[in-house]
file data18.pdb (PDB, C-alpha atoms, pLDDT in the B column)
ATOM      1  CA  MET P   1      12.532 -30.445 -32.254  1.00 46.00           C
ATOM      2  CA  ARG P   2      14.957 -33.359 -32.437  1.00 46.00           C
ATOM      3  CA  LEU P   3      17.616 -31.040 -33.839  1.00 46.00           C
ATOM      4  CA  THR P   4      17.022 -28.604 -30.959  1.00 45.00           C
ATOM      5  CA  LEU P   5      17.371 -31.340 -28.320  1.00 40.00           C
ATOM      6  CA  SER P   6      20.460 -32.733 -30.033  1.00 45.00           C
ATOM      7  CA  LEU P   7      22.133 -29.329 -30.094  1.00 43.00           C
ATOM      8  CA  LEU P   8      21.208 -28.702 -26.439  1.00 41.00           C
ATOM      9  CA  SER P   9      22.541 -32.101 -25.379  1.00 42.00           C
ATOM     10  CA  LEU P  10      25.751 -31.517 -27.312  1.00 40.00           C
ATOM     11  CA  GLY P  11      26.134 -28.130 -25.704  1.00 45.00           C
ATOM     12  CA  LEU P  12      25.645 -29.451 -22.166  1.00 41.00           C
ATOM     13  CA  ILE P  13      28.086 -32.306 -22.793  1.00 39.00           C
ATOM     14  CA  SER P  14      30.601 -29.733 -24.017  1.00 43.00           C
ATOM     15  CA  VAL P  15      30.089 -27.706 -20.825  1.00 39.00           C
ATOM     16  CA  VAL P  16      30.744 -30.761 -18.652  1.00 37.00           C
ATOM     17  CA  LEU P  17      33.888 -31.589 -20.600  1.00 36.00           C
ATOM     18  CA  LEU P  18      35.027 -27.979 -20.397  1.00 41.00           C
ATOM     19  CA  GLN P  19      34.508 -27.992 -16.632  1.00 42.00           C
ATOM     20  CA  ALA P  20      36.354 -31.297 -16.283  1.00 40.00           C
ATOM     21  CA  TYR P  21      39.435 -30.233 -18.237  1.00 43.00           C
ATOM     22  CA  LYS P  22      39.382 -26.514 -17.563  1.00 46.00           C
ATOM     23  CA  PRO P  23      37.442 -25.698 -14.362  1.00 48.00           C
ATOM     24  CA  GLN P  24      35.608 -22.382 -14.340  1.00 46.00           C
ATOM     25  CA  PRO P  25      36.706 -19.817 -11.737  1.00 46.00           C
ATOM     26  CA  ARG P  26      34.733 -19.634  -8.532  1.00 38.00           C
ATOM     27  CA  LEU P  27      32.475 -16.754  -7.615  1.00 38.00           C
ATOM     28  CA  THR P  28      35.093 -15.063  -5.460  1.00 35.00           C
ATOM     29  CA  ASP P  29      38.466 -15.974  -4.039  1.00 36.00           C
ATOM     30  CA  ASN P  30      37.415 -14.933  -0.535  1.00 41.00           C
ATOM     31  CA  LEU P  31      34.649 -17.521  -0.058  1.00 38.00           C
ATOM     32  CA  VAL P  32      34.755 -21.221   0.763  1.00 39.00           C
ATOM     33  CA  PHE P  33      32.797 -23.653  -1.374  1.00 37.00           C
ATOM     34  CA  ASP P  34      32.646 -26.967   0.506  1.00 47.00           C
ATOM     35  CA  PHE P  35      28.887 -26.828  -0.021  1.00 47.00           C
ATOM     36  CA  ASN P  36      29.368 -26.891  -3.796  1.00 49.00           C
ATOM     37  CA  GLU P  37      32.025 -29.480  -4.402  1.00 49.00           C
ATOM     38  CA  THR P  38      29.786 -32.292  -5.697  1.00 57.00           C
ATOM     39  CA  PHE P  39      27.964 -30.059  -8.204  1.00 62.00           C
ATOM     40  CA  TYR P  40      29.159 -28.484 -11.415  1.00 60.00           C
ATOM     41  CA  SER P  41      28.217 -24.819 -11.671  1.00 66.00           C
ATOM     42  CA  TYR P  42      28.081 -22.872 -14.903  1.00 64.00           C
ATOM     43  CA  SER P  43      28.145 -19.156 -15.526  1.00 64.00           C
ATOM     44  CA  ALA P  44      25.585 -17.525 -17.794  1.00 61.00           C
ATOM     45  CA  GLN P  45      28.364 -16.693 -20.270  1.00 68.00           C
ATOM     46  CA  THR P  46      29.466 -20.320 -20.471  1.00 64.00           C
ATOM     47  CA  LEU P  47      25.910 -21.542 -20.991  1.00 62.00           C
ATOM     48  CA  ARG P  48      25.307 -19.012 -23.754  1.00 63.00           C
ATOM     49  CA  ALA P  49      28.504 -20.006 -25.501  1.00 56.00           C
ATOM     50  CA  MET P  50      28.013 -23.749 -25.259  1.00 60.00           C
ATOM     51  CA  THR P  51      24.294 -24.162 -25.980  1.00 56.00           C
ATOM     52  CA  PHE P  52      24.271 -22.651 -29.472  1.00 55.00           C
ATOM     53  CA  GLY P  53      21.635 -20.041 -28.754  1.00 62.00           C
ATOM     54  CA  TYR P  54      19.398 -22.261 -26.610  1.00 65.00           C
ATOM     55  CA  SER P  55      20.581 -20.941 -23.262  1.00 62.00           C
ATOM     56  CA  ARG P  56      17.027 -20.406 -21.956  1.00 68.00           C
ATOM     57  CA  ALA P  57      16.451 -24.136 -22.293  1.00 64.00           C
ATOM     58  CA  ALA P  58      19.606 -24.666 -20.256  1.00 67.00           C
ATOM     59  CA  GLY P  59      18.148 -22.277 -17.690  1.00 65.00           C
ATOM     60  CA  ALA P  60      15.089 -24.512 -17.460  1.00 73.00           C
ATOM     61  CA  LEU P  61      17.393 -27.442 -16.694  1.00 72.00           C
ATOM     62  CA  LEU P  62      19.024 -25.427 -13.917  1.00 76.00           C
ATOM     63  CA  TRP P  63      15.593 -24.765 -12.427  1.00 78.00           C
ATOM     64  CA  LEU P  64      14.764 -28.456 -12.674  1.00 79.00           C
ATOM     65  CA  ARG P  65      17.972 -29.281 -10.809  1.00 76.00           C
ATOM     66  CA  PHE P  66      16.980 -26.792  -8.122  1.00 78.00           C
ATOM     67  CA  LEU P  67      13.577 -28.458  -7.719  1.00 78.00           C
ATOM     68  CA  GLN P  68      14.883 -32.033  -7.746  1.00 79.00           C
ATOM     69  CA  GLN P  69      18.269 -31.946  -6.050  1.00 73.00           C
ATOM     70  CA  THR P  70      18.232 -29.025  -3.662  1.00 63.00           C
ATOM     71  CA  PRO P  71      19.430 -30.443  -0.332  1.00 63.00           C
ATOM     72  CA  PRO P  72      18.107 -29.126   3.003  1.00 60.00           C
ATOM     73  CA  ARG P  73      21.652 -28.217   4.019  1.00 69.00           C
ATOM     74  CA  LYS P  74      22.715 -24.986   5.610  1.00 74.00           C
ATOM     75  CA  VAL P  75      25.606 -22.963   4.258  1.00 79.00           C
ATOM     76  CA  GLU P  76      28.409 -22.249   6.677  1.00 76.00           C
ATOM     77  CA  LYS P  77      29.452 -18.690   7.430  1.00 75.00           C
ATOM     78  CA  ASN P  78      31.170 -16.887   4.548  1.00 75.00           C
ATOM     79  CA  GLN P  79      30.028 -19.435   1.976  1.00 80.00           C
ATOM     80  CA  VAL P  80      27.651 -19.252  -0.953  1.00 85.00           C
ATOM     81  CA  SER P  81      25.878 -22.291  -2.349  1.00 86.00           C
ATOM     82  CA  TRP P  82      25.749 -23.959  -5.738  1.00 85.00           C
ATOM     83  CA  ILE P  83      22.032 -23.175  -5.544  1.00 88.00           C
ATOM     84  CA  TYR P  84      22.808 -19.459  -5.592  1.00 91.00           C
ATOM     85  CA  ARG P  85      25.216 -19.897  -8.481  1.00 87.00           C
ATOM     86  CA  ASP P  86      22.565 -21.771 -10.472  1.00 86.00           C
ATOM     87  CA  LEU P  87      19.910 -19.142  -9.726  1.00 92.00           C
ATOM     88  CA  ASP P  88      22.310 -16.350 -10.597  1.00 91.00           C
ATOM     89  CA  ALA P  89      23.090 -17.953 -13.976  1.00 88.00           C
ATOM     90  CA  LEU P  90      19.413 -18.724 -14.592  1.00 88.00           C
ATOM     91  CA  THR P  91      18.320 -15.138 -13.936  1.00 90.00           C
ATOM     92  CA  GLU P  92      21.036 -13.819 -16.230  1.00 88.00           C
ATOM     93  CA  ILE P  93      19.882 -16.110 -19.047  1.00 85.00           C
ATOM     94  CA  ASP P  94      16.173 -15.589 -18.418  1.00 87.00           C
ATOM     95  CA  PRO P  95      15.744 -12.431 -16.287  1.00 90.00           C
ATOM     96  CA  GLU P  96      11.940 -12.601 -16.324  1.00 92.00           C
ATOM     97  CA  PHE P  97      11.756 -16.091 -14.799  1.00 91.00           C
ATOM     98  CA  TYR P  98       9.905 -14.854 -11.717  1.00 95.00           C
ATOM     99  CA  PRO P  99       9.920 -18.061  -9.566  1.00 93.00           C
ATOM    100  CA  ALA P 100      13.723 -17.949  -9.393  1.00 93.00           C
ATOM    101  CA  TYR P 101      13.528 -14.708  -7.402  1.00 95.00           C
ATOM    102  CA  GLU P 102      10.560 -15.370  -5.143  1.00 91.00           C
ATOM    103  CA  LEU P 103      10.859 -19.106  -4.490  1.00 90.00           C
ATOM    104  CA  GLY P 104      14.610 -19.359  -4.994  1.00 92.00           C
ATOM    105  CA  GLY P 105      15.415 -16.296  -2.932  1.00 93.00           C
ATOM    106  CA  ILE P 106      13.378 -17.274   0.109  1.00 88.00           C
ATOM    107  CA  PHE P 107      14.674 -20.863  -0.080  1.00 88.00           C
ATOM    108  CA  LEU P 108      18.239 -19.571   0.064  1.00 90.00           C
ATOM    109  CA  SER P 109      17.304 -17.374   3.018  1.00 88.00           C
ATOM    110  CA  VAL P 110      15.359 -19.838   5.150  1.00 83.00           C
ATOM    111  CA  ILE P 111      16.448 -23.365   4.202  1.00 81.00           C
ATOM    112  CA  THR P 112      20.100 -23.174   3.175  1.00 83.00           C
ATOM    113  CA  GLU P 113      20.735 -19.943   5.115  1.00 84.00           C
ATOM    114  CA  ASP P 114      22.845 -18.709   2.214  1.00 90.00           C
ATOM    115  CA  LYS P 115      22.779 -15.140   3.477  1.00 92.00           C
ATOM    116  CA  ARG P 116      24.879 -13.575   0.727  1.00 93.00           C
ATOM    117  CA  GLY P 117      23.257 -15.544  -2.059  1.00 94.00           C
ATOM    118  CA  ALA P 118      19.703 -14.844  -0.887  1.00 95.00           C
ATOM    119  CA  GLU P 119      20.335 -11.113  -0.672  1.00 96.00           C
ATOM    120  CA  GLN P 120      21.792 -10.985  -4.181  1.00 96.00           C
ATOM    121  CA  VAL P 121      18.965 -13.000  -5.770  1.00 97.00           C
ATOM    122  CA  LEU P 122      16.248 -10.963  -4.055  1.00 97.00           C
ATOM    123  CA  LEU P 123      17.924  -7.640  -4.847  1.00 97.00           C
ATOM    124  CA  LYS P 124      18.112  -8.656  -8.491  1.00 97.00           C
ATOM    125  CA  GLY P 125      14.425  -9.514  -8.280  1.00 98.00           C
ATOM    126  CA  THR P 126      13.535  -6.001  -7.072  1.00 97.00           C
ATOM    127  CA  ARG P 127      15.343  -4.546 -10.076  1.00 97.00           C
ATOM    128  CA  VAL P 128      13.717  -6.843 -12.638  1.00 97.00           C
ATOM    129  CA  PHE P 129      10.246  -6.789 -11.020  1.00 97.00           C
ATOM    130  CA  PRO P 130      10.005  -3.415  -9.250  1.00 97.00           C
ATOM    131  CA  ASP P 131       6.203  -3.722  -9.023  1.00 96.00           C
ATOM    132  CA  ARG P 132       6.080  -7.055  -7.140  1.00 95.00           C
ATOM    133  CA  TRP P 133       5.496  -6.538  -3.431  1.00 93.00           C
ATOM    134  CA  ARG P 134       6.228 -10.153  -2.499  1.00 92.00           C
ATOM    135  CA  ILE P 135       9.907  -9.906  -3.432  1.00 95.00           C
ATOM    136  CA  ARG P 136      10.167  -6.755  -1.304  1.00 94.00           C
ATOM    137  CA  SER P 137       8.502  -8.607   1.546  1.00 90.00           C
ATOM    138  CA  ASP P 138      10.898 -11.554   1.266  1.00 92.00           C
ATOM    139  CA  LEU P 139      13.903  -9.245   1.127  1.00 95.00           C
ATOM    140  CA  GLY P 140      12.609  -7.329   4.155  1.00 91.00           C
ATOM    141  CA  TYR P 141      12.279 -10.608   6.042  1.00 87.00           C
ATOM    142  CA  HIS P 142      15.810 -11.576   5.038  1.00 91.00           C
ATOM    143  CA  TYR P 143      17.246  -8.283   6.268  1.00 91.00           C
ATOM    144  CA  GLN P 144      15.280  -8.353   9.513  1.00 85.00           C
ATOM    145  CA  PHE P 145      15.634 -11.971  10.619  1.00 83.00           C
ATOM    146  CA  GLU P 146      18.643 -13.380   8.774  1.00 86.00           C
ATOM    147  CA  LEU P 147      21.015 -10.414   8.462  1.00 91.00           C
ATOM    148  CA  ASN P 148      19.816  -8.415  11.493  1.00 87.00           C
ATOM    149  CA  GLU P 149      19.661  -5.165   9.514  1.00 91.00           C
ATOM    150  CA  PRO P 150      16.320  -3.623  10.565  1.00 88.00           C
ATOM    151  CA  GLU P 151      16.909  -0.353   8.714  1.00 90.00           C
ATOM    152  CA  LYS P 152      17.223  -2.134   5.376  1.00 93.00           C
ATOM    153  CA  ALA P 153      14.227  -4.289   6.281  1.00 91.00           C
ATOM    154  CA  PHE P 154      12.166  -1.156   6.911  1.00 90.00           C
ATOM    155  CA  GLU P 155      13.150   0.243   3.509  1.00 92.00           C
ATOM    156  CA  GLN P 156      11.888  -2.905   1.790  1.00 94.00           C
ATOM    157  CA  TYR P 157       8.664  -3.081   3.833  1.00 91.00           C
ATOM    158  CA  LEU P 158       8.012   0.575   3.081  1.00 90.00           C
ATOM    159  CA  ALA P 159       8.661   0.168  -0.649  1.00 93.00           C
ATOM    160  CA  GLY P 160       6.562  -3.002  -0.763  1.00 93.00           C
ATOM    161  CA  SER P 161       3.649  -1.457   1.131  1.00 90.00           C
ATOM    162  CA  LYS P 162       3.144   1.060  -1.685  1.00 88.00           C
ATOM    163  CA  LEU P 163       2.944  -1.519  -4.479  1.00 92.00           C
ATOM    164  CA  PRO P 164      -0.286  -2.825  -6.053  1.00 89.00           C
ATOM    165  CA  GLY P 165      -1.896  -5.640  -4.098  1.00 89.00           C
ATOM    166  CA  ALA P 166       0.401  -5.271  -1.082  1.00 88.00           C
ATOM    167  CA  PRO P 167      -1.077  -6.673   2.149  1.00 84.00           C
ATOM    168  CA  PHE P 168      -1.807  -4.483   5.130  1.00 81.00           C
ATOM    169  CA  LEU P 169       0.962  -6.260   7.070  1.00 78.00           C
ATOM    170  CA  LEU P 170       3.751  -4.533   5.139  1.00 84.00           C
ATOM    171  CA  GLY P 171       2.398  -1.129   6.090  1.00 83.00           C
ATOM    172  CA  VAL P 172       2.134  -2.256   9.715  1.00 81.00           C
ATOM    173  CA  LEU P 173       5.748  -3.488   9.735  1.00 83.00           C
ATOM    174  CA  ALA P 174       6.970  -0.193   8.290  1.00 83.00           C
ATOM    175  CA  SER P 175       4.856   1.802  10.743  1.00 80.00           C
ATOM    176  CA  SER P 176       6.085  -0.278  13.702  1.00 81.00           C
ATOM    177  CA  TYR P 177       9.699   0.435  12.757  1.00 81.00           C
ATOM    178  CA  ILE P 178       9.007   4.177  12.558  1.00 78.00           C
ATOM    179  CA  ASN P 179       7.138   4.127  15.867  1.00 76.00           C
ATOM    180  CA  LYS P 180       9.956   2.251  17.615  1.00 76.00           C
ATOM    181  CA  ASN P 181      12.974   4.010  16.109  1.00 74.00           C
ATOM    182  CA  VAL P 182      11.742   7.480  15.152  1.00 70.00           C
ATOM    183  CA  GLY P 183       8.638   8.270  17.154  1.00 71.00           C
ATOM    184  CA  ARG P 184       4.853   8.039  17.349  1.00 72.00           C
ATOM    185  CA  GLU P 185       4.269  11.350  15.567  1.00 76.00           C
ATOM    186  CA  GLN P 186       6.215  10.208  12.522  1.00 69.00           C
ATOM    187  CA  SER P 187       4.376   6.888  12.565  1.00 70.00           C
ATOM    188  CA  ILE P 188       1.059   8.763  12.528  1.00 76.00           C
ATOM    189  CA  VAL P 189       2.227  10.850   9.557  1.00 73.00           C
ATOM    190  CA  PHE P 190       3.255   7.675   7.749  1.00 69.00           C
ATOM    191  CA  LEU P 191      -0.091   5.984   8.333  1.00 72.00           C
ATOM    192  CA  GLU P 192      -1.993   9.076   7.236  1.00 77.00           C
ATOM    193  CA  GLY P 193       0.001   8.987   4.005  1.00 71.00           C
ATOM    194  CA  MET P 194      -0.763   5.277   3.521  1.00 66.00           C
ATOM    195  CA  LEU P 195      -4.452   6.032   4.109  1.00 73.00           C
ATOM    196  CA  GLN P 196      -4.432   8.680   1.387  1.00 73.00           C
ATOM    197  CA  GLU P 197      -2.561   6.493  -1.116  1.00 66.00           C
ATOM    198  CA  ASN P 198      -4.788   3.420  -0.782  1.00 65.00           C
ATOM    199  CA  THR P 199      -8.156   3.101  -2.457  1.00 71.00           C
ATOM    200  CA  ASP P 200      -8.997  -0.429  -1.324  1.00 66.00           C
ATOM    201  CA  PRO P 201     -11.809  -0.185   1.300  1.00 76.00           C
ATOM    202  CA  LYS P 202     -10.474  -3.034   3.456  1.00 67.00           C
ATOM    203  CA  MET P 203      -6.947  -1.619   3.478  1.00 62.00           C
ATOM    204  CA  ARG P 204      -8.257   1.848   4.314  1.00 75.00           C
ATOM    205  CA  ALA P 205     -10.311   0.446   7.173  1.00 79.00           C
ATOM    206  CA  GLN P 206      -7.302  -1.325   8.660  1.00 72.00           C
ATOM    207  CA  PHE P 207      -5.045   1.703   8.336  1.00 72.00           C
ATOM    208  CA  SER P 208      -7.754   3.880   9.880  1.00 82.00           C
ATOM    209  CA  GLU P 209      -8.090   1.539  12.847  1.00 81.00           C
ATOM    210  CA  LYS P 210      -4.343   1.470  13.505  1.00 75.00           C
ATOM    211  CA  LEU P 211      -4.145   5.230  13.096  1.00 79.00           C
ATOM    212  CA  LYS P 212      -6.964   5.660  15.590  1.00 85.00           C
ATOM    213  CA  ARG P 213      -5.202   3.460  18.165  1.00 80.00           C
ATOM    214  CA  LEU P 214      -1.946   5.378  17.768  1.00 76.00           C
ATOM    215  CA  LYS P 215      -3.659   8.748  18.253  1.00 81.00           C
ATOM    216  CA  GLU P 216      -5.598   7.524  21.292  1.00 80.00           C
ATOM    217  CA  ALA P 217      -2.361   6.251  22.863  1.00 75.00           C
ATOM    218  CA  LYS P 218      -0.813   9.755  22.856  1.00 60.00           C
TER     219      LYS P 218
END

call {"tool": "encode", "arguments": {"input": "data18.pdb", "output": "structure tokens"}}
result
Amino acid sequence: MRLTLSLLSLGLISVVLLQAYKPQPRLTDNLVFDFNETFYSYSAQTLRAMTFGYSRAAGALLWLRFLQQTPPRKVEKNQVSWIYRDLDALTEIDPEFYPAYELGGIFLSVITEDKRGAEQVLLKGTRVFPDRWRIRSDLGYHYQFELNEPEKAFEQYLAGSKLPGAPFLLGVLASSYINKNVGREQSIVFLEGMLQENTDPKMRAQFSEKLKRLKEAK
């Protein structure tokens, strides 16, 4: 254990020295990083190289930094945050670290308003955890309220509504989009499909009630 901690400490010290004498390139040349200037950021490749095979432990330290030092600051337009860069590295090192996608992604969206970073973290989450409705819900929220892209939001609500354990609300949000942008008939077809696909009695009852109201409103 002591040897492991010693190697990890040596690796992290080496990363800091490397950053000090040979700064790592930024995420992209087209973005501004005033938000990041007081924090060192490390790529997943650098962490793997400098931690002697203990990169997942380094990922845990990145998560700890997120929990302890994340400032309630908003990112200016066309910027990404050091928080995103940490979460991106963390999810490369440890792709199955679920909290980084759900908690990290929605924090980027709502608190720091890191629009680009939040989208990338949540999209990665849908690829790693395709069966988790909550990530789809968060990404739908981000598209609808932060990026003003209702079509993409609908796609995420629709995909999320079909996943195990998904709340009735996701189906309602998808149905409302169809009703508003396509038409009532298509919304009825969608709800009938949701009714057939769900076996949960409470969900079926709610879908049935909404379907009834739509048909009576014709």

call {"tool": "resolve_selection", "arguments": {"input": "data18.pdb", "expression": "the PyMOL selection byres ((chain P and resi 184) around 12)", "output": "JSON, numbers by chain"}}
result
{"P": [175, 176, 177, 178, 179, 180, 181, 182, 183, 185, 186, 187, 188, 189, 190, 191, 210, 211, 213, 214, 215, 216, 217, 218]}

call {"tool": "resolve_selection", "arguments": {"input": "data18.pdb", "expression": "the PyMOL selection byres ((chain P and resi 90) around 8)", "output": "list of chain:residue names"}}
result
P:Ala44, P:Arg56, P:Gly59, P:Ala60, P:Leu62, P:Trp63, P:Asp86, P:Leu87, P:Asp88, P:Ala89, P:Thr91, P:Glu92, P:Ile93, P:Asp94, P:Pro95, P:Ala100

call {"tool": "resolve_selection", "arguments": {"input": "data18.pdb", "expression": "the PyMOL selection byres ((chain P and resi 158) around 9)", "output": "number ranges by chain"}}
result
P: 136, 153-157, 159-162, 170-171, 173-175

call {"tool": "atom_distance", "arguments": {"input": "data18.pdb", "atom1": "CA of Lys74 (chain P)", "atom2": "CA of Val110 (chain P)"}}
result
9.0 Å

call {"tool": "atom_distance", "arguments": {"input": "data18.pdb", "atom1": "CA of Gly125 (chain P)", "atom2": "CA of Leu103 (chain P)"}}
result
10.9 Å

call {"tool": "atom_distance", "arguments": {"input": "data18.pdb", "atom1": "CA of Glu209 (chain P)", "atom2": "CA of Leu163 (chain P)"}}
result
20.8 Å

call {"tool": "residues_around", "arguments": {"input": "data18.pdb", "residues": "Asp114 (chain P)", "least_positions_apart": "6", "cutoff": "7 Å", "atoms": "all atoms listed in the file", "output": "list in words"}}
result
Val75, Val80, Ser81 and Leu108 of chain P

call {"tool": "closest_residue", "arguments": {"input": "data18.pdb", "among": "P:Leu147, P:Ile135, P:Ala205, P:Ala118", "to": "Ala166 (chain P)", "atoms": "all atoms listed in the file"}}
result
P:Ile135

call {"tool": "closest_residue", "arguments": {"input": "data18.pdb", "among": "P:Pro167, P:Glu146, P:Gln79, P:Leu61", "to": "Ile111 (chain P)", "atoms": "only C-alpha atoms"}}
result
P:Glu146
